[in-house]
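Worksheet: one structure, shown below.
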Amino acid sequence: CWSECLTLAKHQLDFDGTEEEFENSTHCKLRPGDGLDAISSLAPGSVSSNLALGSTNTVYAWLIQWLADNLGYDVSSIVGLPYDWRLSPDKLEERDGFLTLMKKRIEAAVHSNGLPSIMVAHSMGNLVFRYFLEWLRSQLREEAYSRYVQNAERAENHDESFIHRSPFWIRRAFAGNEEGHANTNEFEYIEAGAKSQRKYPKLWELAKAEGDGDWIAWQGKHIWTYIGLAAPLLGAAGPLRSVLSGENMGLPFSHEEARVLELSFGSTLTANPISTKVAFCDGEGSKASDSDRHLAC
């Protein structure tokens, strides 16, 4: 029952089947806990506390206690960000809105305490944090592009008061011909179905530059430093072993049963060993194209 409840369906969903099958099922639905209790220990009071880690399953409990006793930290200055470790980082955002919530919680904590944060990540949490930063970069680029498009479309509608208050690149677009029509080449409008997926490719280039600037500024304001504990930044052998032959981690079921369970997790592939020549964006040996990299780099 424990294994069945923990196993994810196709596409990392809780259940995969008909409504009738769901009504006849055990309605098993797991979600991560919340707050500091959820990150203090791996599984307090559960079977894993004795079988998996020899009764020593503490994750952050000792660190939290030490910070409270020696540096005066409390629940207002320590923020726990637990997540469903079965899911790949993109699914965490799609299903739970985790990355959005993470951003808001960091911003709230920094605003409340008046100081940038110290980010501490453990194991796969390091990969999630790295993904979060690239996701944030993508989000800020999209927000900048939306603003540019909104301004461009206002200018195209000949909003004269707006044009006179606009940056030079908008005014230049309307300085075109004698009839006062917009110089559409400045915005480089692309019809749907063309090679570019952006309506205004030039505005997208501007938006990327602005979004990257906002991204750097956000990190400077909200993150003072980052500490990675047991960080598998190049992947780990354990997840690969779990895919090939199964890894029961000392729990009372077979490696074969464990393999079926672990293959249902999107996180298993997230933490597999990677080649630096394919997976990273920097370096002369990188073989990944811009379209392939996206948030993976």
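Chain labels A, B, ... are given in the sequence in which chains occur in the structure tokens; within each chain residues are numbered consecutively from 1, and ligands are likewise numbered from 1 in the order shown.
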
For this session: Please provide as a list in words all residues within 8 Å of A:Tyr83, with the sequence filter that same-chain residues fewer than 2 positions apart are discarded (counting only C-alpha atoms).
Result: Pro32, Gly33, Leu81, Trp85, Leu92 and Phe98 of chain A

Problem set entry | Residue contacts of A:Lys104 (12 Å, only C-alpha atoms) excluding same-chain residues fewer than 6 positions away, as a PyMOL selection string | chain A and resi 79+81+97-98+110-111+136+218+222

Serialized selection, all heavy atoms, as a CSV table (one decimal), in the first residue's frame:
```
chain,number,residue,atom,x,y,z
A,79,VAL,N,13.1,30.3,7.0
A,79,VAL,CA,12.0,29.9,6.2
A,79,VAL,C,12.3,28.5,5.5
A,79,VAL,O,13.3,28.4,4.8
A,79,VAL,CB,11.7,30.9,5.0
A,79,VAL,CG1,10.6,30.5,4.1
A,79,VAL,CG2,11.4,32.3,5.7
A,81,LEU,N,11.4,25.6,2.8
A,81,LEU,CA,10.8,25.4,1.5
A,81,LEU,C,10.7,24.0,1.1
A,81,LEU,O,11.4,23.6,0.2
A,81,LEU,CB,11.6,26.3,0.5
A,81,LEU,CG,11.6,27.8,0.7
A,81,LEU,CD1,12.6,28.4,-0.2
A,81,LEU,CD2,10.2,28.4,0.4
A,97,GLY,N,2.7,25.2,-8.1
A,97,GLY,CA,3.1,26.6,-8.1
A,97,GLY,C,4.3,26.8,-7.2
A,97,GLY,O,4.4,27.9,-6.6
A,98,PHE,N,5.2,25.8,-7.0
A,98,PHE,CA,6.2,25.9,-6.0
A,98,PHE,C,7.2,27.0,-6.3
A,98,PHE,O,7.6,27.7,-5.4
A,98,PHE,CB,6.9,24.5,-5.9
A,98,PHE,CG,8.1,24.5,-5.0
A,98,PHE,CD1,7.9,24.5,-3.6
A,98,PHE,CD2,9.4,24.6,-5.5
A,98,PHE,CE1,9.0,24.5,-2.8
A,98,PHE,CE2,10.5,24.6,-4.6
A,98,PHE,CZ,10.3,24.6,-3.3
A,110,VAL,N,12.8,38.6,3.2
A,110,VAL,CA,13.8,39.6,3.0
A,110,VAL,C,13.2,41.0,3.4
A,110,VAL,O,13.8,41.8,4.1
A,110,VAL,CB,14.4,39.7,1.6
A,110,VAL,CG1,15.2,41.0,1.4
A,110,VAL,CG2,15.2,38.5,1.3
A,111,HIS,N,12.0,41.2,3.0
A,111,HIS,CA,11.3,42.4,3.4
A,111,HIS,C,11.0,42.5,4.9
A,111,HIS,O,11.2,43.6,5.5
A,111,HIS,CB,9.9,42.5,2.7
A,111,HIS,CG,9.1,43.7,3.0
A,111,HIS,ND1,9.3,45.0,2.5
A,111,HIS,CD2,8.0,43.8,3.8
A,111,HIS,CE1,8.5,45.8,3.0
A,111,HIS,NE2,7.6,45.1,3.8
A,136,LEU,N,13.3,31.9,-12.8
A,136,LEU,CA,13.1,33.3,-12.5
A,136,LEU,C,13.6,34.2,-13.6
A,136,LEU,O,13.0,35.2,-14.0
A,136,LEU,CB,13.8,33.6,-11.2
A,136,LEU,CG,13.8,35.1,-10.7
A,136,LEU,CD1,12.3,35.5,-10.5
A,136,LEU,CD2,14.6,35.3,-9.5
A,218,TRP,N,17.5,41.3,-8.7
A,218,TRP,CA,16.7,40.5,-7.8
A,218,TRP,C,17.6,39.7,-6.9
A,218,TRP,O,17.4,39.6,-5.7
A,218,TRP,CB,15.7,39.6,-8.5
A,218,TRP,CG,14.7,39.0,-7.6
A,218,TRP,CD1,13.5,39.4,-7.3
A,218,TRP,CD2,14.9,37.7,-6.9
A,218,TRP,NE1,12.8,38.6,-6.5
A,218,TRP,CE2,13.7,37.5,-6.2
A,218,TRP,CE3,15.9,36.8,-6.8
A,218,TRP,CZ2,13.5,36.4,-5.4
A,218,TRP,CZ3,15.7,35.7,-5.9
A,218,TRP,CH2,14.5,35.5,-5.2
A,222,HIS,N,18.0,40.0,-2.8
A,222,HIS,CA,17.3,38.9,-2.0
A,222,HIS,C,18.2,37.8,-1.6
A,222,HIS,O,17.9,37.0,-0.7
A,222,HIS,CB,16.1,38.3,-2.8
A,222,HIS,CG,15.1,39.3,-3.0
A,222,HIS,ND1,15.0,40.0,-4.2
A,222,HIS,CD2,14.0,39.7,-2.3
A,222,HIS,CE1,13.9,40.8,-4.2
A,222,HIS,NE2,13.3,40.7,-3.0
```

Problem set entry | Residues within 6 Å of A:Gly35, only C-alpha atoms, excluding chain neighbours under 2 positions, as number ranges by chain | A: 37-38, 80

Exercise. In terms of the shortest atom-to-atom distance over only C-alpha atoms, which of A:Glu257, A:Cys5, A:Ile223, A:Val243 is closest to A:Leu115?
Worked result: A:Ile223

Problem set entry | atom CA of A:Gly235 to atom CA of A:Leu6, straight-line distance in Å |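 These two atoms are separated by 22.9 Å.
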
For this session: Have a look at atom CA of A:Arg86 and atom CA of A:Leu140 and let me know their distance in Å, one decimal.
Result: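 So the answer is 27.1 Å.
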
For this session: May I ask for the distance between atom CA of A:Ala152 and atom CA of A:Glu210, given in Å to one decimal place?
Result: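 Separation between atom CA of A:Ala152 and atom CA of A:Glu210: 15.7 Å.
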
For this session: Within 8 Å of A:Leu269, counting only C-alpha atoms, which residues show up once you throw out same-chain ones fewer than 4 positions away? Write them as a list in words, please.
Result: Pro239, Leu240 and Phe265 of chain A

Mind writing the picked residues with all heavy atoms as a compact mmCIF listing (two decimals), in the first residue's frame?
```
# COMPACT_ATOMS: atom_id res chain seq x y z
N PRO A 239 20.58 7.69 -8.38
CA PRO A 239 19.41 7.69 -9.28
C PRO A 239 19.62 6.83 -10.52
O PRO A 239 18.67 6.19 -10.99
CB PRO A 239 19.26 9.17 -9.64
CG PRO A 239 19.87 9.90 -8.50
CD PRO A 239 21.03 9.06 -8.07
N LEU A 240 20.85 6.80 -11.05
CA LEU A 240 21.11 5.95 -12.21
C LEU A 240 20.97 4.48 -11.86
O LEU A 240 20.39 3.69 -12.61
CB LEU A 240 22.52 6.24 -12.75
CG LEU A 240 22.94 5.46 -14.00
CD1 LEU A 240 21.99 5.76 -15.15
CD2 LEU A 240 24.38 5.78 -14.37
N PHE A 265 8.96 8.50 -10.83
CA PHE A 265 9.33 9.83 -10.34
C PHE A 265 10.03 10.63 -11.43
O PHE A 265 11.01 10.17 -12.02
CB PHE A 265 10.28 9.73 -9.14
CG PHE A 265 9.73 9.01 -7.95
CD1 PHE A 265 10.58 8.51 -6.97
CD2 PHE A 265 8.36 8.82 -7.79
CE1 PHE A 265 10.08 7.85 -5.87
CE2 PHE A 265 7.85 8.15 -6.69
CZ PHE A 265 8.72 7.66 -5.72
```

Seminar exercise, completed: Residue with the minimum atom-to-atom distance to A:Gln219, picked from A:Ser123, A:Phe132, A:Ser40, A:Cys28 with only C-alpha atoms counted, is A:Phe132

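Remark: for A:Leu99, the closest of the candidate residues A:Leu263, A:Val128, A:Ile78, A:Leu67 is A:Val128 (distances computed over only C-alpha atoms).
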
For this session: Determine the nearest neighbour of A:Gly228 from the options A:Thr270, A:Asn126, A:Asn151, A:Gln12, counting only C-alpha atoms.
Result: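 Residue with the minimum atom-to-atom distance to A:Gly228: A:Asn126.
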